[in-house]
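Some notes on the structure that comes next.
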Amino acid sequence: MLKNSKHIKTFHRLFPSYSSSNHFLAFLLSTLFVSILLLSPPTVAAHPRIFNYKEVPEHDMQYLPQWLSVLERHITEDVPDGNCTDSFFNRCYLNEWFAFLAGIKNEPRAQQLSAVNRYANQKKYVLDIDNYGVEDYWAIPKQFLAKGGDCEDYAITKFFSLRWLGYGPDKIRLLILQDTNLRVQHAVLLFLTKNDVLVLDNQSQEIVSQKQIHHYVPLYSLNEKEWWLHVPPLK
């Protein structure tokens, strides 16, 4: 997960005595501070609020280096290769992925969403430190489909699966959140509709409405062109 946003850095410059150990609380407090300071208007969205949080649009993608790297590597490296008949070392995961997507291309939307969620979720959960020797790495589909991955890797592959199927970037987002039950950061894919926000989660084989989830706190979400901070509504 992205732990060093510009807002956390801003917060700690202004409040150097604040403990840096609680990244989640720092993120929320710094988000509120910067949003109020800059009087950033919330996004007027064509969908319900994500977990009832306001959206503050951010257009500068340079603060998301992991995501920019994913977008670039997806274009240059997600190219099918390998011998699909090799049963010992099959490097043809992308061919299988594209064949799967082609097979559901004409299915109804609900069936596509469910199929994409289940296809990615069948892959093994593997920590970045075990896969790549680093604590935080965002994998492209070619890597994830071959080696498994952690929560954001599932969400990234689902994102590109839906984009390949023709879903517009305004309808899908990668969401980084705090799981208040497990007390960890987590990532899911969202499908945005006029009346609901549907959650594609590697912790569930079923597509779930956000209305059924009460332990997720959104931090920030993104697509190819923009990202949004999520600010708790002031009461």
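Ordering of the structure tokens sets the chain letters (A, B, ...), residue numbers begin anew at 1 in every chain, and ligands are numbered from 1 in the order given.
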For A:Leu101, list every protein, DNA or RNA residue within 12 Å, evaluated using only C-alpha atoms, and leave out those in the same chain fewer than 5 positions away; present the list as a PDB file with C-alpha atoms, in the first residue's frame.
```pdb
ATOM      1  CA  LEU A  94      -1.904 -14.030 -20.231  1.00  0.00           C
ATOM      2  CA  ASN A  95      -3.187 -16.157 -23.101  1.00  0.00           C
ATOM      3  CA  GLU A  96      -5.420 -17.963 -20.632  1.00  0.00           C
ATOM      4  CA  ASN A 106     -21.018 -11.056 -24.398  1.00  0.00           C
ATOM      5  CA  GLU A 107     -22.335 -12.083 -20.992  1.00  0.00           C
ATOM      6  CA  GLN A 111     -22.207 -12.311 -14.780  1.00  0.00           C
ATOM      7  CA  GLN A 112     -19.084 -10.537 -16.045  1.00  0.00           C
ATOM      8  CA  LEU A 113     -18.443  -8.907 -12.686  1.00  0.00           C
ATOM      9  CA  ALA A 115     -16.698 -14.098 -13.250  1.00  0.00           C
ATOM     10  CA  VAL A 116     -13.888 -11.532 -13.090  1.00  0.00           C
ATOM     11  CA  ASN A 117     -14.000 -11.499  -9.298  1.00  0.00           C
ATOM     12  CA  TYR A 119     -11.175 -15.663 -11.723  1.00  0.00           C
ATOM     13  CA  ALA A 120      -8.761 -13.408  -9.870  1.00  0.00           C
ATOM     14  CA  THR A 157      -6.010  -7.521 -12.329  1.00  0.00           C
ATOM     15  CA  LYS A 158      -9.774  -7.075 -11.862  1.00  0.00           C
ATOM     16  CA  PHE A 160      -7.686  -4.311 -16.198  1.00  0.00           C
ATOM     17  CA  SER A 161     -10.066  -7.216 -16.762  1.00  0.00           C
ATOM     18  CA  LEU A 162     -13.050  -4.867 -16.701  1.00  0.00           C
ATOM     19  CA  ARG A 163     -11.259  -2.275 -18.814  1.00  0.00           C
ATOM     20  CA  TRP A 164     -10.579  -4.965 -21.424  1.00  0.00           C
ATOM     21  CA  LEU A 165     -14.290  -5.851 -21.345  1.00  0.00           C
ATOM     22  CA  GLY A 166     -15.139  -2.246 -22.181  1.00  0.00           C
TER      23      GLY A 166
END
```
Give the strand (DSSP E) residues of stretch 26-208 of chain A, as assigned by DSSP on the backbone, as number ranges by chain. A: 54-58, 172-179, 184-192, 197-200, 208
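The shortest atom-to-atom distance to A:Pro218, with only C-alpha atoms taken into account, belongs to A:Leu190 out of A:Leu190, A:Ala46, A:Leu68, A:Val79.
Within 8 Å of stretch 193-195 of chain A there are Ala46, His47, Pro48 and Lys171 of chain A, counting only C-alpha atoms and ignoring same-chain residues fewer than 6 positions away.
Across A:Asn52, A:Gln210, A:Gln122, A:Gln62, the tightest approach to A:Val188 is made by A:Gln210 when counting only C-alpha atoms.
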Pick out the closest residue to A:Val197 from this set: A:Ile129, A:Ile213, A:Gly148, A:Pro57. Count only C-alpha atoms. A:Ile213
Give me the residues near A:Ile207 as a list in words, where near means some atom within 7 Å (using only C-alpha atoms) and where sequence neighbours in that chain fewer than 3 positions away do not count. Ser114, Leu198, Val199 and Leu200 of chain A
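If you look at atom CA of A:Phe100 and atom CA of A:Lys123, they are 14.4 Å away from each other.
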